[in-house]
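Worksheet for the structure shown next.
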Amino acid sequence: MNTVEDELPVVREGLWLYAGETPVRIRVLSSPETWGTGDYEDDEVIAENQPIPCFFLAYEAAGSPGRFCNIIANLTSLEDAVGFAEERFPEIQ
C-alpha cells in the first residue's frame with residue numbers, strides 16, 4: 001500500500017536530530033491539490049480537496065526510520081514549507 005510520501009514528489013529533504021541524537025528525516029512534498037477537512041459541516045471549499053497546488057511537510061517518527069507518519073498539509077509555497085520546517089525543527093540540516 002502506497003502512502004502520500006510514496007505518491008508525491010520530494011522537492012526538499014532535511015535531517016534533524018530529535019533530543020540531539022536520534023535522526024529524523026523531513027521531506028517537503030509537492031502536491032497538485034489541497035486536502036479538505038472531510039467534515040460535512042464545513043463549507044465545500046474547506047471540506048473537499050481542491051485542485052490548488054501546494055506543499056506538504058512529512059517527517060519520520062523518531063526512532064522509526066522510513067516511517068513518515070506525520071504530515072502537515074496545505075502549505076501554500078515552497079518558502080512557507082521550508083520556513084515551517086526550520087521553525088518546527090531547529091538546526092535542521
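For the C-alpha cells, the naming scheme is as follows: chains receive sequential letters (A, B, ...) according to their order of presentation, residues are indexed from 1 within each chain, and ligands are indexed from 1 in presentation order.
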Spatial neighbours of Ala62 of chain A, max dist 7 Å, only C-alpha atoms, sep filter under 4 positions, as JSON, numbers by chain: {"A": [18, 22, 24]}
Output all heavy atoms of each residue in that selection to a file, as an mmCIF file, in the first residue's frame.
```cif
data_model
loop_
_atom_site.group_PDB
_atom_site.id
_atom_site.type_symbol
_atom_site.label_atom_id
_atom_site.label_comp_id
_atom_site.auth_asym_id
_atom_site.auth_seq_id
_atom_site.Cartn_x
_atom_site.Cartn_y
_atom_site.Cartn_z
ATOM 1 N N TYR A 18 16.427 14.507 16.845
ATOM 2 C CA TYR A 18 15.495 14.531 17.971
ATOM 3 C C TYR A 18 16.291 14.333 19.252
ATOM 4 O O TYR A 18 17.121 13.422 19.339
ATOM 5 C CB TYR A 18 14.448 13.423 17.806
ATOM 6 C CG TYR A 18 13.518 13.283 18.979
ATOM 7 C CD1 TYR A 18 12.462 14.165 19.151
ATOM 8 C CD2 TYR A 18 13.704 12.284 19.912
ATOM 9 C CE1 TYR A 18 11.611 14.051 20.223
ATOM 10 C CE2 TYR A 18 12.856 12.154 20.989
ATOM 11 C CZ TYR A 18 11.811 13.047 21.142
ATOM 12 O OH TYR A 18 10.965 12.929 22.213
ATOM 13 N N THR A 22 18.774 11.423 17.896
ATOM 14 C CA THR A 22 18.040 10.482 17.053
ATOM 15 C C THR A 22 17.694 11.143 15.723
ATOM 16 O O THR A 22 16.936 12.113 15.687
ATOM 17 C CB THR A 22 16.741 10.017 17.756
ATOM 18 O OG1 THR A 22 17.076 9.479 19.034
ATOM 19 C CG2 THR A 22 16.013 8.972 16.917
ATOM 20 N N VAL A 24 15.952 12.198 12.368
ATOM 21 C CA VAL A 24 14.592 12.230 11.832
ATOM 22 C C VAL A 24 14.659 12.911 10.468
ATOM 23 O O VAL A 24 15.106 14.049 10.362
ATOM 24 C CB VAL A 24 13.638 13.019 12.766
ATOM 25 C CG1 VAL A 24 12.265 13.181 12.131
ATOM 26 C CG2 VAL A 24 13.535 12.355 14.128
#
```
- request: For Gln50 of chain A, please output as a list of chain:residue names all residues within 10 Å (counting only C-alpha atoms; exclusion window: fewer than 2 positions along the same chain).
  value: A:Pro32, A:Glu33, A:Thr34, A:Trp35, A:Gly36, A:Glu44, A:Val45, A:Ile46, A:Ala47, A:Glu48, A:Ile52, A:Pro53
Expected file: the selected residues, N, CA and C atoms, as a short mmCIF file (atom, residue, chain, number, x, y, z; two decimals), in the first residue's frame:
```
data_model
loop_
_atom_site.label_atom_id
_atom_site.label_comp_id
_atom_site.auth_asym_id
_atom_site.auth_seq_id
_atom_site.Cartn_x
_atom_site.Cartn_y
_atom_site.Cartn_z
N PRO A 32 -0.54 18.34 -6.09
CA PRO A 32 -1.36 19.05 -7.05
C PRO A 32 -2.68 19.54 -6.47
N GLU A 33 -2.95 19.18 -5.21
CA GLU A 33 -4.22 19.59 -4.59
C GLU A 33 -4.08 19.76 -3.09
N THR A 34 -4.94 20.61 -2.53
CA THR A 34 -5.01 20.76 -1.08
C THR A 34 -5.91 19.67 -0.53
N TRP A 35 -5.70 19.30 0.71
CA TRP A 35 -6.57 18.34 1.37
C TRP A 35 -7.70 19.08 2.07
N GLY A 36 -8.90 18.55 1.94
CA GLY A 36 -10.05 19.10 2.66
C GLY A 36 -10.17 18.46 4.03
N GLU A 44 -17.96 23.74 1.47
CA GLU A 44 -17.40 22.80 0.49
C GLU A 44 -15.94 23.11 0.16
N VAL A 45 -15.60 24.39 0.08
CA VAL A 45 -14.23 24.79 -0.24
C VAL A 45 -13.24 24.28 0.80
N ILE A 46 -13.68 24.18 2.03
CA ILE A 46 -12.82 23.69 3.12
C ILE A 46 -12.93 22.18 3.27
N ALA A 47 -14.13 21.65 3.10
CA ALA A 47 -14.38 20.23 3.33
C ALA A 47 -13.79 19.32 2.26
N GLU A 48 -13.79 19.77 1.01
CA GLU A 48 -13.34 18.93 -0.11
C GLU A 48 -11.91 19.28 -0.53
N ILE A 52 -5.68 22.89 -6.10
CA ILE A 52 -4.78 24.02 -5.89
C ILE A 52 -3.41 23.46 -5.49
N PRO A 53 -2.38 23.71 -6.29
CA PRO A 53 -1.05 23.20 -5.94
C PRO A 53 -0.60 23.72 -4.57
#
```
- line: Min atom-atom distance to Leu17 of chain A from the set A:Phe89, A:Phe84, A:Tyr40, A:Tyr59, counting only C-alpha atoms, belongs to A:Phe89
- request: Quick one: pull the distance between atom CA of Gly66 of chain A and atom CA of Ile26 of chain A, Å, one decimal.
  value: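 So the answer is 10.4 Å.
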task: Could you find all residues in chain A that DSSP calls strand (DSSP E) from the backbone, and write them as a PyMOL selection string?
output: chain A and resi 10-18+22-31+54-59+70-75
- request: Could you check which of A:Arg88, A:Pro9, A:Val28, A:Ala81 is closest to Ala58 of chain A, using only C-alpha atoms?
  value: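 Under the stated criterion, the closest residue is A:Val28.
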- line: From the list A:Ala19, A:Arg25, A:Glu41, A:Gly14, the nearest residue to Ser64 of chain A using only C-alpha atoms is A:Arg25
